[in-house]
>>> print(open('entry-v4.pdb').read())   # PDB, C-alpha atoms and all ligand atoms
ATOM      1  CA  MET A  43     110.687 182.129 214.439  1.00  0.00           C
ATOM      2  CA  ASP A  44     112.075 182.700 217.910  1.00  0.00           C
ATOM      3  CA  CYS A  45     115.446 181.002 217.386  1.00  0.00           C
ATOM      4  CA  ILE A  46     118.703 182.325 218.834  1.00  0.00           C
ATOM      5  CA  PHE A  47     120.790 180.911 215.997  1.00  0.00           C
ATOM      6  CA  CYS A  48     118.451 182.394 213.336  1.00  0.00           C
ATOM      7  CA  LYS A  49     118.901 185.742 215.086  1.00  0.00           C
ATOM      8  CA  ILE A  50     122.684 185.307 214.920  1.00  0.00           C
ATOM      9  CA  VAL A  51     122.430 184.553 211.180  1.00  0.00           C
ATOM     10  CA  ALA A  52     120.250 187.662 210.733  1.00  0.00           C
ATOM     11  CA  GLY A  53     122.806 189.791 212.625  1.00  0.00           C
ATOM     12  CA  GLU A  54     120.266 190.586 215.378  1.00  0.00           C
ATOM     13  CA  ILE A  55     122.502 188.933 217.976  1.00  0.00           C
ATOM     14  CA  PRO A  56     126.270 189.511 217.636  1.00  0.00           C
ATOM     15  CA  CYS A  57     128.669 186.601 217.410  1.00  0.00           C
ATOM     16  CA  SER A  58     132.368 186.019 217.064  1.00  0.00           C
ATOM     17  CA  LYS A  59     132.392 184.669 213.523  1.00  0.00           C
ATOM     18  CA  VAL A  60     134.911 181.983 212.606  1.00  0.00           C
ATOM     19  CA  TYR A  61     133.668 180.863 209.183  1.00  0.00           C
ATOM     20  CA  GLU A  62     130.946 181.789 206.727  1.00  0.00           C
ATOM     21  CA  ASP A  63     129.882 180.740 203.283  1.00  0.00           C
ATOM     22  CA  GLU A  64     126.634 180.813 201.325  1.00  0.00           C
ATOM     23  CA  LYS A  65     125.033 178.059 203.392  1.00  0.00           C
ATOM     24  CA  ILE A  66     126.967 177.805 206.659  1.00  0.00           C
ATOM     25  CA  LEU A  67     127.915 180.014 209.590  1.00  0.00           C
ATOM     26  CA  ALA A  68     130.390 179.106 212.330  1.00  0.00           C
ATOM     27  CA  PHE A  69     130.955 181.143 215.482  1.00  0.00           C
ATOM     28  CA  LYS A  70     132.588 180.803 218.898  1.00  0.00           C
ATOM     29  CA  ASP A  71     130.396 179.221 221.567  1.00  0.00           C
ATOM     30  CA  ILE A  72     129.315 181.717 224.223  1.00  0.00           C
ATOM     31  CA  ASN A  73     130.147 179.168 226.943  1.00  0.00           C
ATOM     32  CA  PRO A  74     133.304 177.427 225.732  1.00  0.00           C
ATOM     33  CA  GLN A  75     134.040 173.906 227.002  1.00  0.00           C
ATOM     34  CA  ALA A  76     137.526 173.716 225.472  1.00  0.00           C
ATOM     35  CA  PRO A  77     140.200 176.165 224.255  1.00  0.00           C
ATOM     36  CA  VAL A  78     138.579 175.893 220.808  1.00  0.00           C
ATOM     37  CA  HIS A  79     134.785 175.628 220.843  1.00  0.00           C
ATOM     38  CA  VAL A  80     133.059 176.597 217.614  1.00  0.00           C
ATOM     39  CA  ILE A  81     129.404 176.078 216.645  1.00  0.00           C
ATOM     40  CA  PHE A  82     128.573 175.230 213.001  1.00  0.00           C
ATOM     41  CA  ILE A  83     125.055 175.794 211.726  1.00  0.00           C
ATOM     42  CA  PRO A  84     123.212 175.773 208.423  1.00  0.00           C
ATOM     43  CA  LYS A  85     122.090 179.369 207.871  1.00  0.00           C
ATOM     44  CA  GLN A  86     118.614 178.155 206.990  1.00  0.00           C
ATOM     45  CA  HIS A  87     116.570 176.670 209.803  1.00  0.00           C
ATOM     46  CA  ILE A  88     115.911 173.522 207.789  1.00  0.00           C
ATOM     47  CA  LEU A  89     116.576 171.054 210.594  1.00  0.00           C
ATOM     48  CA  THR A  90     115.806 171.174 214.282  1.00  0.00           C
ATOM     49  CA  CYS A  91     117.983 168.211 215.203  1.00  0.00           C
ATOM     50  CA  ALA A  92     119.616 165.103 213.756  1.00  0.00           C
ATOM     51  CA  ASP A  93     116.265 163.315 213.975  1.00  0.00           C
ATOM     52  CA  ASP A  94     114.979 165.453 211.069  1.00  0.00           C
ATOM     53  CA  ILE A  95     117.659 164.348 208.594  1.00  0.00           C
ATOM     54  CA  ASN A  96     116.316 162.812 205.380  1.00  0.00           C
ATOM     55  CA  ASP A  97     117.085 162.512 201.673  1.00  0.00           C
ATOM     56  CA  SER A  98     115.877 166.021 200.899  1.00  0.00           C
ATOM     57  CA  ASN A  99     118.101 167.822 203.417  1.00  0.00           C
ATOM     58  CA  LYS A 100     121.113 165.578 204.102  1.00  0.00           C
ATOM     59  CA  GLU A 101     123.438 167.367 201.657  1.00  0.00           C
ATOM     60  CA  ILE A 102     124.047 170.217 204.109  1.00  0.00           C
ATOM     61  CA  LEU A 103     125.657 167.758 206.539  1.00  0.00           C
ATOM     62  CA  GLY A 104     128.480 167.032 204.102  1.00  0.00           C
ATOM     63  CA  ASP A 105     128.912 170.768 203.596  1.00  0.00           C
ATOM     64  CA  ILE A 106     129.097 171.344 207.351  1.00  0.00           C
ATOM     65  CA  PHE A 107     131.650 168.575 207.888  1.00  0.00           C
ATOM     66  CA  GLU A 108     133.749 169.951 205.042  1.00  0.00           C
ATOM     67  CA  ALA A 109     133.635 173.395 206.696  1.00  0.00           C
ATOM     68  CA  ILE A 110     134.598 171.857 210.050  1.00  0.00           C
ATOM     69  CA  SER A 111     137.590 170.145 208.474  1.00  0.00           C
ATOM     70  CA  LYS A 112     138.673 173.412 206.832  1.00  0.00           C
ATOM     71  CA  VAL A 113     138.334 175.427 210.049  1.00  0.00           C
ATOM     72  CA  ALA A 114     140.080 172.756 212.134  1.00  0.00           C
ATOM     73  CA  LYS A 115     143.083 173.010 209.815  1.00  0.00           C
ATOM     74  CA  GLU A 116     143.012 176.814 209.926  1.00  0.00           C
ATOM     75  CA  LEU A 117     142.920 176.718 213.728  1.00  0.00           C
ATOM     76  CA  GLY A 118     145.847 174.300 213.847  1.00  0.00           C
ATOM     77  CA  LEU A 119     143.992 171.379 215.434  1.00  0.00           C
ATOM     78  CA  SER A 120     146.472 168.897 213.974  1.00  0.00           C
ATOM     79  CA  ASP A 121     146.346 166.653 217.072  1.00  0.00           C
ATOM     80  CA  GLY A 122     142.643 166.077 216.588  1.00  0.00           C
ATOM     81  CA  TYR A 123     139.321 167.339 217.824  1.00  0.00           C
ATOM     82  CA  ARG A 124     135.800 166.295 218.710  1.00  0.00           C
ATOM     83  CA  ILE A 125     132.579 166.992 216.807  1.00  0.00           C
ATOM     84  CA  ILE A 126     129.379 166.845 218.870  1.00  0.00           C
ATOM     85  CA  ASN A 127     125.746 167.019 217.857  1.00  0.00           C
ATOM     86  CA  ASN A 128     123.347 167.087 220.787  1.00  0.00           C
ATOM     87  CA  CYS A 129     119.900 165.826 219.771  1.00  0.00           C
ATOM     88  CA  GLY A 130     116.697 166.145 221.772  1.00  0.00           C
ATOM     89  CA  LYS A 131     116.070 165.897 225.509  1.00  0.00           C
ATOM     90  CA  HIS A 132     118.432 163.050 226.390  1.00  0.00           C
ATOM     91  CA  GLY A 133     121.095 164.630 224.196  1.00  0.00           C
ATOM     92  CA  ALA A 134     120.719 167.826 226.279  1.00  0.00           C
ATOM     93  CA  GLN A 135     120.095 169.917 223.154  1.00  0.00           C
ATOM     94  CA  SER A 136     119.269 173.467 224.249  1.00  0.00           C
ATOM     95  CA  VAL A 137     119.046 175.298 220.899  1.00  0.00           C
ATOM     96  CA  LYS A 138     116.576 173.707 218.483  1.00  0.00           C
ATOM     97  CA  HIS A 139     118.415 174.663 215.274  1.00  0.00           C
ATOM     98  CA  ILE A 140     120.698 171.815 214.232  1.00  0.00           C
ATOM     99  CA  HIS A 141     124.324 172.552 215.074  1.00  0.00           C
ATOM    100  CA  PHE A 142     127.650 170.833 215.488  1.00  0.00           C
ATOM    101  CA  HIS A 143     130.169 171.660 218.206  1.00  0.00           C
ATOM    102  CA  LEU A 144     133.841 171.600 217.245  1.00  0.00           C
ATOM    103  CA  LEU A 145     135.947 171.125 220.381  1.00  0.00           C
ATOM    104  CA  GLY A 146     139.720 171.026 220.524  1.00  0.00           C
ATOM    105  CA  GLY A 147     142.945 172.714 221.456  1.00  0.00           C
ATOM    106  CA  ALA A 148     143.593 170.381 224.417  1.00  0.00           C
ATOM    107  CA  GLN A 149     143.266 166.706 225.354  1.00  0.00           C
ATOM    108  CA  LEU A 150     139.541 166.022 225.749  1.00  0.00           C
ATOM    109  CA  PRO A 151     138.220 163.521 228.301  1.00  0.00           C
ATOM    110  CA  GLU A 152     137.571 159.983 227.053  1.00  0.00           C
ATOM    111  CA  ASP A 153     134.407 159.678 229.103  1.00  0.00           C
ATOM    112  CA  MET A 154     131.177 160.717 227.379  1.00  0.00           C
ATOM    113  CA  GLY A 155     128.863 158.588 229.486  1.00  0.00           C
ATOM    114  CA  VAL A 156     125.800 159.106 231.665  1.00  0.00           C
ATOM    115  CA  ARG A 157     125.997 161.650 234.471  1.00  0.00           C
ATOM    116  CA  GLU A 158     125.566 160.005 237.925  1.00  0.00           C
TER
HETATM  117  P1  LIG A 201     123.382 172.569 222.671  1.00  0.00           P
HETATM  118  O1  LIG A 201     123.385 172.219 224.107  1.00  0.00           O
HETATM  119  O2  LIG A 201     124.019 171.481 221.844  1.00  0.00           O
HETATM  120  O3  LIG A 201     122.011 172.965 222.162  1.00  0.00           O
HETATM  121  O4  LIG A 201     124.347 173.814 222.528  1.00  0.00           O
HETATM  122  C1  LIG A 201     123.967 175.123 222.276  1.00  0.00           C
HETATM  123  C2  LIG A 201     125.212 175.956 222.416  1.00  0.00           C
HETATM  124  O5  LIG A 201     124.925 177.253 221.925  1.00  0.00           O
HETATM  125  C3  LIG A 201     125.685 176.131 223.854  1.00  0.00           C
HETATM  126  O6  LIG A 201     126.954 175.508 223.975  1.00  0.00           O
HETATM  127  C4  LIG A 201     125.793 177.623 224.063  1.00  0.00           C
HETATM  128  C5  LIG A 201     125.662 178.178 222.671  1.00  0.00           C
HETATM  129  N1  LIG A 201     124.924 179.440 222.626  1.00  0.00           N
HETATM  130  C6  LIG A 201     123.662 179.645 223.074  1.00  0.00           C
HETATM  131  N2  LIG A 201     123.301 180.918 222.858  1.00  0.00           N
HETATM  132  C7  LIG A 201     124.357 181.511 222.238  1.00  0.00           C
HETATM  133  C8  LIG A 201     124.579 182.837 221.751  1.00  0.00           C
HETATM  134  O7  LIG A 201     123.745 183.732 221.820  1.00  0.00           O
HETATM  135  N3  LIG A 201     125.808 183.074 221.183  1.00  0.00           N
HETATM  136  C9  LIG A 201     126.751 182.095 221.071  1.00  0.00           C
HETATM  137  N4  LIG A 201     127.913 182.437 220.516  1.00  0.00           N
HETATM  138  N5  LIG A 201     126.565 180.834 221.502  1.00  0.00           N
HETATM  139  C10 LIG A 201     125.381 180.564 222.091  1.00  0.00           C
END
>>> encode(input="entry-v4.pdb", output="structure tokens")
Amino acid sequence: MDCIFCKIVAGEIPCSKVYEDEKILAFKDINPQAPVHVIFIPKQHILTCADDINDSNKEILGDIFEAISKVAKELGLSDGYRIINNCGKHGAQSVKHIHFHLLGGAQLPEDMGVRE
């Protein structure tokens, strides 16, 4: 499958790794939008986007959020952070391997609305 994130998991594309366990990989975003910007993915390409979540695959989401919480503590994000999942065209999802952005390290804007 021609998937950038699968290639990162396979070690074919280098990344700056932040966290790894049996099921999850987290690495720094190549185009950071905040002082801390980490991408969390399931290593297996089991979901393209949030739209694919169902009973048979939802367990990984709890694992990912647990990993995010762990990493946020390790990175000292005690004042909070934002978790983003872009889904589909209107969500401006560019990589079709489900992933969650962890953003923090500074005050983030309140506005998350429609671009004019
Ligand atoms: P999204 O728009 O939600 O699909 O975000 C995909 C993110 O993935 C985007 O913020 C940039 C990041 N990204 C894309 N290609 C690479 C890559 O090769 N390495 C790393 N570290 N991040 C990447």
>>> atom_distance(input="entry-v4.pdb", atom1="atom CA of Asp44 of chain A", atom2="atom CA of Ala76 of chain A")
28.0 Å
>>> residues_near_ligand(input="entry-v4.pdb", ligand="ligand LIG 201 (chain A)", cutoff="10 Å", atoms="all atoms listed in the file", output="PDB file with C-alpha atoms, keeping the file's coordinate frame")
ATOM      1  CA  CYS A  45     115.446 181.002 217.386  1.00  0.00           C
ATOM      2  CA  ILE A  46     118.703 182.325 218.834  1.00  0.00           C
ATOM      3  CA  PHE A  47     120.790 180.911 215.997  1.00  0.00           C
ATOM      4  CA  LYS A  49     118.901 185.742 215.086  1.00  0.00           C
ATOM      5  CA  ILE A  50     122.684 185.307 214.920  1.00  0.00           C
ATOM      6  CA  ILE A  55     122.502 188.933 217.976  1.00  0.00           C
ATOM      7  CA  PRO A  56     126.270 189.511 217.636  1.00  0.00           C
ATOM      8  CA  CYS A  57     128.669 186.601 217.410  1.00  0.00           C
ATOM      9  CA  SER A  58     132.368 186.019 217.064  1.00  0.00           C
ATOM     10  CA  LYS A  59     132.392 184.669 213.523  1.00  0.00           C
ATOM     11  CA  ALA A  68     130.390 179.106 212.330  1.00  0.00           C
ATOM     12  CA  PHE A  69     130.955 181.143 215.482  1.00  0.00           C
ATOM     13  CA  LYS A  70     132.588 180.803 218.898  1.00  0.00           C
ATOM     14  CA  ASP A  71     130.396 179.221 221.567  1.00  0.00           C
ATOM     15  CA  ILE A  72     129.315 181.717 224.223  1.00  0.00           C
ATOM     16  CA  ASN A  73     130.147 179.168 226.943  1.00  0.00           C
ATOM     17  CA  PRO A  74     133.304 177.427 225.732  1.00  0.00           C
ATOM     18  CA  GLN A  75     134.040 173.906 227.002  1.00  0.00           C
ATOM     19  CA  HIS A  79     134.785 175.628 220.843  1.00  0.00           C
ATOM     20  CA  VAL A  80     133.059 176.597 217.614  1.00  0.00           C
ATOM     21  CA  ILE A  81     129.404 176.078 216.645  1.00  0.00           C
ATOM     22  CA  PHE A  82     128.573 175.230 213.001  1.00  0.00           C
ATOM     23  CA  CYS A  91     117.983 168.211 215.203  1.00  0.00           C
ATOM     24  CA  ILE A 126     129.379 166.845 218.870  1.00  0.00           C
ATOM     25  CA  ASN A 127     125.746 167.019 217.857  1.00  0.00           C
ATOM     26  CA  ASN A 128     123.347 167.087 220.787  1.00  0.00           C
ATOM     27  CA  CYS A 129     119.900 165.826 219.771  1.00  0.00           C
ATOM     28  CA  GLY A 130     116.697 166.145 221.772  1.00  0.00           C
ATOM     29  CA  LYS A 131     116.070 165.897 225.509  1.00  0.00           C
ATOM     30  CA  GLY A 133     121.095 164.630 224.196  1.00  0.00           C
ATOM     31  CA  ALA A 134     120.719 167.826 226.279  1.00  0.00           C
ATOM     32  CA  GLN A 135     120.095 169.917 223.154  1.00  0.00           C
ATOM     33  CA  SER A 136     119.269 173.467 224.249  1.00  0.00           C
ATOM     34  CA  VAL A 137     119.046 175.298 220.899  1.00  0.00           C
ATOM     35  CA  LYS A 138     116.576 173.707 218.483  1.00  0.00           C
ATOM     36  CA  HIS A 139     118.415 174.663 215.274  1.00  0.00           C
ATOM     37  CA  ILE A 140     120.698 171.815 214.232  1.00  0.00           C
ATOM     38  CA  HIS A 141     124.324 172.552 215.074  1.00  0.00           C
ATOM     39  CA  PHE A 142     127.650 170.833 215.488  1.00  0.00           C
ATOM     40  CA  HIS A 143     130.169 171.660 218.206  1.00  0.00           C
TER      41      HIS A 143
END
>>> closest_atom_pairs(input="entry-v4.pdb", of="segment 78-118 of chain A", to="segment 146-156 of chain A", cutoff="9 Å", atoms="only C-alpha atoms", output="JSON lines")
{"residue": "A:Val78", "atom": "CA", "partner": "A:Gly146", "partner_atom": "CA", "distance": 5.0}
{"residue": "A:His79", "atom": "CA", "partner": "A:Gly146", "partner_atom": "CA", "distance": 6.8}
{"residue": "A:Ala114", "atom": "CA", "partner": "A:Gly146", "partner_atom": "CA", "distance": 8.6}
{"residue": "A:Leu117", "atom": "CA", "partner": "A:Gly147", "partner_atom": "CA", "distance": 8.7}
{"residue": "A:Gly118", "atom": "CA", "partner": "A:Gly147", "partner_atom": "CA", "distance": 8.3}
>>> atom_distance(input="entry-v4.pdb", atom1="atom CA of Gln86 of chain A", atom2="atom CA of Val113 of chain A")
20.1 Å
>>> resolve_selection(input="entry-v4.pdb", expression="the PyMOL selection byres (((chain A and resi 66) around 7) and not hetatm)", output="ChimeraX atom specification")
/A:62-65,67-68,83-85,106
>>> atom_distance(input="entry-v4.pdb", atom1="atom CA of Asn99 of chain A", atom2="atom CA of Leu145 of chain A")
24.8 Å
>>> axis_aligned_box(input="entry-v4.pdb", around="segment 103-108 of chain A", padding_each_side="3 Å", output="lines of an AutoDock Vina configuration file")
center_x = 129.7
center_y = 169.2
center_z = 205.7
size_x = 14.1
size_y = 10.3
size_z = 10.3
